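Data first, discussion second: the structure below is written as C-alpha cells.
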Amino acid sequence: MVNDTTLLLDLDVVSVIRVERLEDGTRRVHLATADTSARACPVCGVFASRVKGAATTRPRDLPHGERHLEFLWHRRRWWCREVSCPRKSFTEQIPQIPAGARLTERLRCAAGRRVRDAGSTVVQAARDLGLSWPVVMDAFPVAAGTVIEAPLSEVQVLGIDETRRGRTRWEQDPDTGKWQLTRDRWHTGFVDTLGTGGLLGQVVGRTVAAWLSTTPLAWRKSIHHVAIDTSATYRAAIRTGLPDAIVVVDHFHVVQLANKMLSLVRRRTTAEIRVRRGRAADPQW
C-alpha cells in the first residue's frame, strides 16, 4: 500500500505515516513533512526550531489506480527565530505543494498538458482529473507558455492562412471621436506544412510581416517555399520578409478561381446567345 503512494508523491519531501481504507474503498494516506528545508522561514530563510502548532490539509494529486486516494498532510507551524523578521510564524510547505495550494504542482501541470498536448478540451480535462473548469483554464496558459517561449524548429515549407474569429469590433475614442478597430475578425496562423504540421504562431489580422520580423534570421533563411491563398497582402509581406522563398498557392484556391472563371464564362455565353440568364435546361449552362 505504501509503495503505491511513491508513484504520486516524492518521499524525499514527505513520508507516509499510515494508510487507512475507508468503507467506500478509498485509501486515506496520512503524510508528514520529511524535507528539513520546510522549516526555513519563507521570508528570511532562517531555520526554525520551535513548533507553534499543527495543521492538516488535504492536497489533491494525480489519480492512481482504480480506487480514489485521499491525502491528509499533517503539517507543523513554526515560530521564526529571527527577531527582526516580519513573519513571526509560518506553516511548512514544499515545492510540490506551496502554501495555500489545494492541488499539487504535478496535478496542475498535468491538467495544462492535457489541453496542450493531448488535444483535450478544458471541460474534458477537468472531468477526467476531477477539477473545475477555472483551474484547468488557468493551468493551460502556463503549460502553453513553455512551448511558446521555446525556439522555433527549422521549417522548409511555411503555411500561412487566416481563420475567422467572430465579428469585427469597433470602439469610439471618447477624446477624438474617431472609431478604432479593437478586434479583427480574422486571425492569421503559421504552420509547418511539410513537417509536423504544428502551429508555429498566430497573430490578429493579417500582420504577416510583423510576425516574420520577430523570428530569427537563420530560421527565415531555412524556409524554401511558402504556401498561401491568393491574398495580395500575404504575398507582399512574404516578398519583404522572405525574399528568397518561392510562393506557392494551395490547390484549393486555384481550383476555386478556375470554377469562378468557368461560371463567369457560362453566364456571359448564355447571355450572348439567348439574351437572358442561364437556366438548368440550357446545354451551355
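Letters for chains follow the order of the C-alpha cells (A, B, ...), residue numbers begin at 1 for each chain, and ligand numbers begin at 1 in the order shown.
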Sorted by chain and rising residue number, list the residues of stretch 191-266 of chain A at most 12 Å from stretch 270-284 of chain A (counting only C-alpha atoms), each with its closest atom pair and distance in Å to one decimal, as a tab-separated table.
```
residue	atom	partner	partner_atom	distance
A:Leu262	CA	A:Gln284	CA	11.0
A:Ser263	CA	A:Gln284	CA	10.5
A:Leu264	CA	A:Thr270	CA	10.0
A:Val265	CA	A:Thr270	CA	8.5
A:Arg266	CA	A:Thr270	CA	6.1
```
Across A:Ser231, A:Leu200, A:Thr26, A:Arg76, the smallest distance to A:Pro151, with only C-alpha atoms counted, is shown by A:Leu200
message: Neighbouring residues of A:Leu131 were defined as those with any atom within 12 Å, considering only C-alpha atoms; residues of the same chain fewer than 6 positions away were excluded. Please report them as a ChimeraX atom specification.
response: /A:60-63,102-103,107-108,110-112,122-125,137-139
Could you dump the residues just selected with N, CA and C atoms as a short mmCIF file (atom, residue, chain, number, x, y, z; two decimals), in the first residue's frame?
```cif
data_model
loop_
_atom_site.label_atom_id
_atom_site.label_comp_id
_atom_site.auth_asym_id
_atom_site.auth_seq_id
_atom_site.Cartn_x
_atom_site.Cartn_y
_atom_site.Cartn_z
N ARG A 60 -4.63 17.55 -3.25
CA ARG A 60 -5.07 16.59 -4.26
C ARG A 60 -3.95 16.39 -5.27
N ASP A 61 -3.77 15.12 -5.67
CA ASP A 61 -2.71 14.78 -6.61
C ASP A 61 -3.31 14.00 -7.76
N LEU A 62 -2.47 13.55 -8.67
CA LEU A 62 -2.94 12.79 -9.83
C LEU A 62 -3.66 11.52 -9.38
N PRO A 63 -4.73 11.13 -10.06
CA PRO A 63 -5.41 9.88 -9.70
C PRO A 63 -4.51 8.68 -9.97
N ARG A 102 -4.23 23.88 -2.86
CA ARG A 102 -5.07 22.70 -2.64
C ARG A 102 -4.72 21.58 -3.61
N LEU A 103 -3.94 21.90 -4.63
CA LEU A 103 -3.51 20.91 -5.62
C LEU A 103 -2.00 20.83 -5.64
N LEU A 107 -0.27 17.80 -10.44
CA LEU A 107 -1.64 17.71 -10.93
C LEU A 107 -1.99 18.93 -11.76
N ARG A 108 -1.56 20.10 -11.33
CA ARG A 108 -1.84 21.33 -12.07
C ARG A 108 -1.15 21.31 -13.43
N ALA A 110 -0.23 18.62 -15.10
CA ALA A 110 -0.85 17.58 -15.93
C ALA A 110 -2.14 18.07 -16.56
N ALA A 111 -2.89 18.89 -15.85
CA ALA A 111 -4.12 19.44 -16.41
C ALA A 111 -3.82 20.34 -17.61
N GLY A 112 -2.78 21.17 -17.49
CA GLY A 112 -2.42 22.03 -18.61
C GLY A 112 -1.88 21.26 -19.79
N VAL A 122 -10.89 21.83 -22.38
CA VAL A 122 -10.79 22.19 -20.97
C VAL A 122 -11.84 21.45 -20.15
N VAL A 123 -13.03 21.31 -20.70
CA VAL A 123 -14.10 20.62 -19.99
C VAL A 123 -13.75 19.15 -19.80
N GLN A 124 -13.22 18.50 -20.85
CA GLN A 124 -12.89 17.08 -20.75
C GLN A 124 -11.74 16.85 -19.78
N ALA A 125 -10.72 17.71 -19.82
CA ALA A 125 -9.60 17.56 -18.89
C ALA A 125 -10.06 17.74 -17.45
N MET A 137 -8.33 25.91 -16.88
CA MET A 137 -8.13 27.04 -17.77
C MET A 137 -6.94 27.88 -17.33
N ASP A 138 -6.73 28.02 -16.03
CA ASP A 138 -5.57 28.76 -15.53
C ASP A 138 -4.28 27.99 -15.74
N ALA A 139 -4.35 26.67 -15.73
CA ALA A 139 -3.15 25.85 -15.90
C ALA A 139 -2.71 25.78 -17.35
#
```
* Looking at A:His253, A:His225, A:Arg39, A:Arg220, which one is nearest to A:Ile94, with distances taken over only C-alpha atoms? ->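 Checking each of A:His253, A:His225, A:Arg39, A:Arg220 against A:Ile94, counting only C-alpha atoms, the winner is A:Arg39.
The smallest atom-to-atom distance between A:Arg18 and any of A:Ile228, A:Val249, A:Val43, A:Leu72, using only C-alpha atoms, is found for A:Leu72.
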> If you run DSSP on this backbone, which residues of stretch 10-210 of chain A come out as alpha helix (DSSP H), and could you give them as a ChimeraX atom specification?
Replying inline: /A:105-116,122-129,133-148,208-210
Please produce an output containing C-alpha atoms for each residue in the selection, written as a CSV table (one decimal), in the first residue's frame.
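The new file part-v9.csv reads:
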```csv
chain,number,residue,atom,x,y,z
A,105,GLU,CA,2.0,21.2,-8.8
A,106,ARG,CA,2.1,17.9,-10.7
A,107,LEU,CA,-1.6,17.7,-10.9
A,108,ARG,CA,-1.8,21.3,-12.1
A,109,CYS,CA,0.8,20.8,-14.7
A,110,ALA,CA,-0.8,17.6,-15.9
A,111,ALA,CA,-4.1,19.4,-16.4
A,112,GLY,CA,-2.4,22.0,-18.6
A,113,ARG,CA,-0.6,19.4,-20.6
A,114,ARG,CA,-3.8,17.5,-21.4
A,115,VAL,CA,-5.1,20.5,-23.2
A,116,ARG,CA,-1.8,21.5,-24.8
A,122,VAL,CA,-10.8,22.2,-21.0
A,123,VAL,CA,-14.1,20.6,-20.0
A,124,GLN,CA,-12.9,17.1,-20.7
A,125,ALA,CA,-9.6,17.6,-18.9
A,126,ALA,CA,-11.5,18.9,-15.9
A,127,ARG,CA,-13.8,15.9,-16.0
A,128,ASP,CA,-11.0,13.4,-16.3
A,129,LEU,CA,-9.0,14.8,-13.4
A,133,TRP,CA,-13.1,24.5,-15.4
A,134,PRO,CA,-11.3,27.6,-14.0
A,135,VAL,CA,-8.4,25.5,-12.5
A,136,VAL,CA,-7.7,23.8,-15.9
A,137,MET,CA,-8.1,27.0,-17.8
A,138,ASP,CA,-5.6,28.8,-15.5
A,139,ALA,CA,-3.2,25.8,-15.9
A,140,PHE,CA,-3.3,25.8,-19.7
A,141,PRO,CA,-1.6,29.2,-20.4
A,142,VAL,CA,1.2,28.2,-18.0
A,143,ALA,CA,1.8,24.9,-19.9
A,144,ALA,CA,1.4,26.7,-23.3
A,145,GLY,CA,4.0,29.3,-22.2
A,146,THR,CA,6.8,26.7,-22.2
A,147,VAL,CA,6.0,25.9,-25.8
A,148,ILE,CA,5.6,29.5,-26.9
A,208,VAL,CA,2.4,38.6,-41.5
A,209,ALA,CA,5.3,41.0,-41.9
A,210,ALA,CA,5.2,41.9,-38.2
```
Taking the DSSP secondary structure from the backbone, can you list the residues of stretch 37-117 of chain A that are strand (DSSP E or B), as a list in words? Ala40, Phe47, Arg50, Val51, Lys52, Gly53, Ala54, Ala55, Thr56, Thr57, Arg60, Leu69, Glu70, Phe71, Leu72, Trp73, His74, Arg75, Arg76, Arg77, Trp78, Trp79, Ser89, Phe90, Thr91, Ile94, Ile97 and Leu103 of chain A
Output file for the residues above (C-alpha atoms, as a tab-separated table (two decimals), in the first residue's frame):
```
chain	number	residue	atom	x	y	z
A	40	ALA	CA	13.10	27.51	6.74
A	47	PHE	CA	15.56	27.57	10.09
A	50	ARG	CA	10.29	25.75	17.99
A	51	VAL	CA	6.91	24.34	17.00
A	52	LYS	CA	3.91	26.63	17.32
A	53	GLY	CA	1.15	24.18	16.44
A	54	ALA	CA	-0.18	21.76	13.83
A	55	ALA	CA	-2.38	21.96	10.77
A	56	THR	CA	-3.94	19.37	8.48
A	57	THR	CA	-4.55	19.93	4.77
A	60	ARG	CA	-5.07	16.59	-4.26
A	69	LEU	CA	-6.64	8.28	-2.99
A	70	GLU	CA	-7.19	10.86	-0.28
A	71	PHE	CA	-4.18	12.61	1.24
A	72	LEU	CA	-4.03	14.13	4.71
A	73	TRP	CA	-0.88	16.16	5.20
A	74	HIS	CA	-0.09	16.74	8.86
A	75	ARG	CA	1.97	19.92	8.82
A	76	ARG	CA	3.57	21.86	11.62
A	77	ARG	CA	3.53	25.57	12.31
A	78	TRP	CA	6.85	27.04	13.37
A	79	TRP	CA	7.99	30.15	15.21
A	89	SER	CA	5.31	32.22	12.30
A	90	PHE	CA	4.79	30.07	9.21
A	91	THR	CA	3.49	26.68	8.12
A	94	ILE	CA	7.27	22.12	-0.13
A	97	ILE	CA	2.59	21.90	-2.58
A	103	LEU	CA	-3.51	20.91	-5.62
```
Exercise: stretch 176-193 of chain A partners within 10 Å, only C-alpha atoms, chain neighbours under 4 positions left out, as a short mmCIF file (atom, residue, chain, number, x, y, z; two decimals) with all heavy atoms, in the first residue's frame:
```
data_model
loop_
_atom_site.label_atom_id
_atom_site.label_comp_id
_atom_site.auth_asym_id
_atom_site.auth_seq_id
_atom_site.Cartn_x
_atom_site.Cartn_y
_atom_site.Cartn_z
N SER A 153 11.45 25.43 -34.43
CA SER A 153 12.16 24.38 -35.14
C SER A 153 12.33 24.77 -36.60
O SER A 153 11.58 25.61 -37.14
CB SER A 153 11.39 23.06 -35.04
OG SER A 153 10.08 23.20 -35.56
N GLU A 154 13.31 24.18 -37.27
CA GLU A 154 13.59 24.52 -38.66
C GLU A 154 12.42 24.12 -39.56
O GLU A 154 11.88 23.02 -39.45
CB GLU A 154 14.87 23.82 -39.12
CG GLU A 154 15.30 24.20 -40.52
CD GLU A 154 16.64 23.60 -40.89
OE1 GLU A 154 17.50 23.48 -40.01
OE2 GLU A 154 16.81 23.25 -42.08
N VAL A 155 12.03 25.04 -40.42
CA VAL A 155 10.88 24.83 -41.30
C VAL A 155 11.32 25.06 -42.74
O VAL A 155 11.99 26.05 -43.04
CB VAL A 155 9.73 25.80 -40.95
CG1 VAL A 155 8.59 25.67 -41.94
CG2 VAL A 155 9.24 25.52 -39.53
N GLN A 156 10.96 24.14 -43.63
CA GLN A 156 11.28 24.28 -45.05
C GLN A 156 10.10 24.82 -45.85
O GLN A 156 10.29 25.58 -46.79
CB GLN A 156 11.72 22.93 -45.62
CG GLN A 156 13.01 22.39 -45.01
CD GLN A 156 13.47 21.11 -45.66
OE1 GLN A 156 12.81 20.58 -46.56
NE2 GLN A 156 14.59 20.57 -45.20
N VAL A 157 8.90 24.42 -45.48
CA VAL A 157 7.69 24.89 -46.16
C VAL A 157 6.78 25.52 -45.10
O VAL A 157 6.29 24.83 -44.22
CB VAL A 157 6.96 23.77 -46.90
CG1 VAL A 157 5.71 24.32 -47.60
CG2 VAL A 157 7.88 23.10 -47.91
N LEU A 158 6.59 26.82 -45.22
CA LEU A 158 5.76 27.56 -44.26
C LEU A 158 4.37 27.76 -44.83
O LEU A 158 4.21 28.22 -45.97
CB LEU A 158 6.40 28.91 -43.95
CG LEU A 158 5.64 29.83 -42.99
CD1 LEU A 158 5.59 29.22 -41.60
CD2 LEU A 158 6.28 31.22 -42.95
N GLY A 159 3.36 27.41 -44.06
CA GLY A 159 1.97 27.61 -44.47
C GLY A 159 1.35 28.79 -43.75
O GLY A 159 1.49 28.92 -42.53
N ILE A 160 0.68 29.66 -44.48
CA ILE A 160 0.04 30.85 -43.91
C ILE A 160 -1.42 30.88 -44.36
O ILE A 160 -1.70 30.80 -45.56
CB ILE A 160 0.76 32.14 -44.36
CG1 ILE A 160 2.25 32.11 -43.98
CG2 ILE A 160 0.09 33.36 -43.74
CD1 ILE A 160 3.02 33.31 -44.47
N ASP A 161 -2.32 31.01 -43.39
CA ASP A 161 -3.75 31.08 -43.73
C ASP A 161 -4.47 31.79 -42.59
O ASP A 161 -3.98 31.84 -41.46
CB ASP A 161 -4.32 29.68 -43.95
CG ASP A 161 -5.61 29.73 -44.75
OD1 ASP A 161 -6.02 30.84 -45.17
OD2 ASP A 161 -6.23 28.67 -44.96
N GLU A 162 -5.65 32.32 -42.90
CA GLU A 162 -6.42 33.04 -41.90
C GLU A 162 -7.57 32.19 -41.40
O GLU A 162 -8.02 31.26 -42.09
CB GLU A 162 -6.94 34.37 -42.46
CG GLU A 162 -8.12 34.24 -43.41
CD GLU A 162 -7.67 34.03 -44.83
OE1 GLU A 162 -6.45 33.91 -45.07
OE2 GLU A 162 -8.54 33.95 -45.71
N THR A 163 -8.03 32.52 -40.20
CA THR A 163 -9.15 31.85 -39.56
C THR A 163 -10.08 32.90 -39.00
O THR A 163 -9.63 33.85 -38.36
CB THR A 163 -8.68 30.92 -38.42
OG1 THR A 163 -7.73 29.99 -38.92
CG2 THR A 163 -9.85 30.17 -37.81
N ARG A 164 -11.36 32.74 -39.25
CA ARG A 164 -12.33 33.70 -38.74
C ARG A 164 -12.54 33.50 -37.26
O ARG A 164 -12.76 32.38 -36.79
CB ARG A 164 -13.65 33.57 -39.48
CG ARG A 164 -14.68 34.62 -39.04
CD ARG A 164 -15.89 34.64 -39.93
NE ARG A 164 -16.87 35.61 -39.46
CZ ARG A 164 -17.99 35.91 -40.09
NH1 ARG A 164 -18.30 35.29 -41.23
NH2 ARG A 164 -18.82 36.81 -39.61
N ARG A 165 -12.47 34.59 -36.50
CA ARG A 165 -12.58 34.53 -35.04
C ARG A 165 -13.70 35.44 -34.56
O ARG A 165 -13.50 36.32 -33.73
CB ARG A 165 -11.25 34.95 -34.41
CG ARG A 165 -10.05 34.15 -34.87
CD ARG A 165 -10.04 32.77 -34.28
NE ARG A 165 -9.82 32.80 -32.86
CZ ARG A 165 -9.77 31.73 -32.10
NH1 ARG A 165 -9.95 30.53 -32.63
NH2 ARG A 165 -9.54 31.83 -30.80
N GLY A 166 -14.89 35.27 -35.10
CA GLY A 166 -16.01 36.08 -34.66
C GLY A 166 -16.19 37.33 -35.49
O GLY A 166 -15.74 37.42 -36.63
N ARG A 167 -16.83 38.33 -34.93
CA ARG A 167 -17.13 39.56 -35.64
C ARG A 167 -16.13 40.65 -35.31
O ARG A 167 -15.53 40.66 -34.24
CB ARG A 167 -18.54 40.04 -35.29
CG ARG A 167 -19.65 39.07 -35.70
CD ARG A 167 -21.00 39.65 -35.31
NE ARG A 167 -22.10 38.77 -35.71
CZ ARG A 167 -23.38 39.02 -35.50
NH1 ARG A 167 -23.72 40.14 -34.84
NH2 ARG A 167 -24.31 38.17 -35.89
N THR A 168 -16.02 41.58 -36.24
CA THR A 168 -15.16 42.73 -36.03
C THR A 168 -15.79 43.66 -34.99
O THR A 168 -17.00 43.87 -34.99
CB THR A 168 -14.93 43.49 -37.34
OG1 THR A 168 -14.41 42.58 -38.31
CG2 THR A 168 -13.97 44.64 -37.15
N ARG A 169 -14.96 44.22 -34.13
CA ARG A 169 -15.47 45.13 -33.10
C ARG A 169 -14.76 46.48 -33.23
O ARG A 169 -13.54 46.54 -33.33
CB ARG A 169 -15.23 44.56 -31.72
CG ARG A 169 -15.67 45.49 -30.57
CD ARG A 169 -15.44 44.87 -29.23
NE ARG A 169 -16.29 43.69 -29.04
CZ ARG A 169 -16.24 42.91 -27.95
NH1 ARG A 169 -15.38 43.20 -26.99
NH2 ARG A 169 -17.02 41.86 -27.86
N TRP A 170 -15.57 47.53 -33.26
CA TRP A 170 -15.05 48.90 -33.32
C TRP A 170 -15.49 49.64 -32.07
O TRP A 170 -16.60 49.44 -31.56
CB TRP A 170 -15.59 49.63 -34.56
CG TRP A 170 -15.11 49.04 -35.86
CD1 TRP A 170 -15.61 47.95 -36.51
CD2 TRP A 170 -14.04 49.53 -36.66
NE1 TRP A 170 -14.93 47.71 -37.66
CE2 TRP A 170 -13.96 48.67 -37.80
CE3 TRP A 170 -13.16 50.60 -36.57
CZ2 TRP A 170 -13.03 48.86 -38.80
CZ3 TRP A 170 -12.22 50.78 -37.56
CH2 TRP A 170 -12.15 49.92 -38.66
N GLU A 171 -14.61 50.49 -31.55
CA GLU A 171 -14.93 51.32 -30.39
C GLU A 171 -14.53 52.76 -30.69
O GLU A 171 -13.52 53.01 -31.34
CB GLU A 171 -14.20 50.81 -29.15
CG GLU A 171 -14.69 49.46 -28.66
CD GLU A 171 -14.00 49.02 -27.39
OE1 GLU A 171 -13.15 49.80 -26.89
OE2 GLU A 171 -14.29 47.91 -26.90
N GLN A 172 -15.35 53.68 -30.20
CA GLN A 172 -15.12 55.10 -30.45
C GLN A 172 -14.24 55.70 -29.36
O GLN A 172 -14.48 55.49 -28.17
CB GLN A 172 -16.45 55.84 -30.53
CG GLN A 172 -16.33 57.28 -31.01
CD GLN A 172 -17.68 57.93 -31.18
OE1 GLN A 172 -18.68 57.44 -30.66
NE2 GLN A 172 -17.73 59.03 -31.91
N GLY A 197 3.32 19.84 -39.18
CA GLY A 197 2.03 20.49 -39.36
C GLY A 197 1.57 21.26 -38.15
O GLY A 197 0.43 21.70 -38.09
N GLY A 198 2.45 21.44 -37.18
CA GLY A 198 2.08 22.13 -35.95
C GLY A 198 2.00 23.63 -36.13
O GLY A 198 2.57 24.21 -37.07
N LEU A 199 1.28 24.26 -35.23
CA LEU A 199 1.11 25.71 -35.25
C LEU A 199 2.37 26.37 -34.70
O LEU A 199 2.81 26.09 -33.60
CB LEU A 199 -0.10 26.11 -34.42
CG LEU A 199 -0.45 27.60 -34.38
CD1 LEU A 199 -0.86 28.08 -35.77
CD2 LEU A 199 -1.55 27.87 -33.38
N LEU A 200 2.95 27.28 -35.49
CA LEU A 200 4.15 27.99 -35.09
C LEU A 200 3.85 29.33 -34.45
O LEU A 200 4.62 29.81 -33.61
CB LEU A 200 5.05 28.20 -36.31
CG LEU A 200 5.48 26.95 -37.06
CD1 LEU A 200 6.19 27.31 -38.35
CD2 LEU A 200 6.36 26.07 -36.19
N GLY A 201 2.76 29.96 -34.85
CA GLY A 201 2.41 31.26 -34.31
C GLY A 201 1.06 31.69 -34.82
O GLY A 201 0.52 31.12 -35.79
N GLN A 202 0.49 32.70 -34.19
CA GLN A 202 -0.81 33.22 -34.60
C GLN A 202 -0.88 34.69 -34.24
O GLN A 202 -0.48 35.08 -33.13
CB GLN A 202 -1.94 32.44 -33.92
CG GLN A 202 -3.33 32.88 -34.34
CD GLN A 202 -4.40 31.94 -33.84
OE1 GLN A 202 -4.29 30.74 -33.98
NE2 GLN A 202 -5.43 32.49 -33.23
N VAL A 203 -1.37 35.49 -35.15
CA VAL A 203 -1.46 36.93 -34.94
C VAL A 203 -2.87 37.40 -35.29
O VAL A 203 -3.60 36.73 -36.03
CB VAL A 203 -0.42 37.70 -35.80
CG1 VAL A 203 0.98 37.37 -35.36
CG2 VAL A 203 -0.61 37.40 -37.28
N VAL A 204 -3.23 38.54 -34.75
CA VAL A 204 -4.53 39.13 -35.04
C VAL A 204 -4.45 39.86 -36.37
O VAL A 204 -3.50 40.59 -36.64
CB VAL A 204 -4.95 40.10 -33.92
CG1 VAL A 204 -6.28 40.76 -34.24
CG2 VAL A 204 -5.01 39.38 -32.59
N GLY A 205 -5.44 39.65 -37.23
CA GLY A 205 -5.45 40.29 -38.54
C GLY A 205 -4.53 39.58 -39.52
O GLY A 205 -4.30 38.38 -39.43
N ARG A 206 -4.00 40.35 -40.45
CA ARG A 206 -3.11 39.78 -41.48
C ARG A 206 -1.71 40.41 -41.39
O ARG A 206 -1.08 40.68 -42.40
CB ARG A 206 -3.70 40.01 -42.87
CG ARG A 206 -4.99 39.22 -43.12
CD ARG A 206 -5.50 39.44 -44.53
NE ARG A 206 -6.58 38.54 -44.87
CZ ARG A 206 -7.85 38.78 -44.67
NH1 ARG A 206 -8.22 39.93 -44.09
NH2 ARG A 206 -8.78 37.91 -45.02
N THR A 207 -1.26 40.62 -40.17
CA THR A 207 0.05 41.25 -39.96
C THR A 207 1.16 40.20 -40.07
O THR A 207 1.84 39.87 -39.10
CB THR A 207 0.08 41.93 -38.58
OG1 THR A 207 -0.25 40.94 -37.57
CG2 THR A 207 -0.91 43.08 -38.51
N VAL A 208 1.35 39.68 -41.27
CA VAL A 208 2.36 38.65 -41.51
C VAL A 208 3.76 39.22 -41.36
O VAL A 208 4.65 38.60 -40.76
CB VAL A 208 2.15 38.04 -42.91
CG1 VAL A 208 3.25 37.03 -43.22
CG2 VAL A 208 0.78 37.38 -42.99
N TRP A 211 4.98 39.56 -37.76
CA TRP A 211 5.35 38.31 -37.10
C TRP A 211 6.68 37.79 -37.63
O TRP A 211 7.52 37.31 -36.86
CB TRP A 211 4.27 37.27 -37.32
CG TRP A 211 4.54 35.98 -36.58
CD1 TRP A 211 4.25 35.72 -35.27
CD2 TRP A 211 5.17 34.81 -37.10
NE1 TRP A 211 4.65 34.45 -34.95
CE2 TRP A 211 5.22 33.87 -36.05
CE3 TRP A 211 5.68 34.47 -38.34
CZ2 TRP A 211 5.77 32.60 -36.22
CZ3 TRP A 211 6.23 33.20 -38.51
CH2 TRP A 211 6.27 32.28 -37.46
N LEU A 212 6.91 37.88 -38.94
CA LEU A 212 8.17 37.40 -39.51
C LEU A 212 9.36 38.20 -38.99
O LEU A 212 10.46 37.66 -38.83
CB LEU A 212 8.12 37.48 -41.04
CG LEU A 212 7.19 36.48 -41.74
CD1 LEU A 212 7.14 36.77 -43.24
CD2 LEU A 212 7.65 35.05 -41.49
N HIS A 225 9.88 27.36 -49.38
CA HIS A 225 8.60 27.61 -50.02
C HIS A 225 7.61 28.13 -48.97
O HIS A 225 7.71 27.79 -47.78
CB HIS A 225 8.02 26.35 -50.68
CG HIS A 225 8.86 25.82 -51.79
ND1 HIS A 225 10.00 25.08 -51.57
CD2 HIS A 225 8.72 25.93 -53.15
CE1 HIS A 225 10.53 24.74 -52.73
NE2 HIS A 225 9.78 25.24 -53.70
N VAL A 226 6.64 28.91 -49.44
CA VAL A 226 5.57 29.43 -48.58
C VAL A 226 4.26 29.16 -49.28
O VAL A 226 4.05 29.61 -50.43
CB VAL A 226 5.73 30.93 -48.30
CG1 VAL A 226 4.60 31.41 -47.39
CG2 VAL A 226 7.08 31.22 -47.66
N ALA A 227 3.36 28.43 -48.63
CA ALA A 227 2.04 28.11 -49.19
C ALA A 227 1.01 29.09 -48.62
O ALA A 227 0.86 29.21 -47.40
CB ALA A 227 1.65 26.68 -48.84
N TYR A 234 -0.69 38.89 -48.14
CA TYR A 234 0.27 37.85 -47.77
C TYR A 234 1.46 37.84 -48.73
O TYR A 234 2.61 37.72 -48.30
CB TYR A 234 -0.41 36.48 -47.78
CG TYR A 234 -1.37 36.25 -46.65
CD1 TYR A 234 -2.26 35.19 -46.67
CD2 TYR A 234 -1.38 37.09 -45.54
CE1 TYR A 234 -3.15 34.96 -45.63
CE2 TYR A 234 -2.26 36.88 -44.49
CZ TYR A 234 -3.14 35.81 -44.54
OH TYR A 234 -4.01 35.60 -43.50
#
```
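The space between atom CA of A:Arg87 and atom CA of A:Ala38 spans 14.8 Å.
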- Query: So what do you get for atom CA of A:Gly119 versus atom CA of A:Ser213, distance-wise?
  - Reply: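 Spanning atom CA of A:Gly119 to atom CA of A:Ser213 is a straight-line distance of 29.7 Å.
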Students should find that atom CA of A:Thr230 and atom CA of A:Leu242 are spaced 16.9 Å
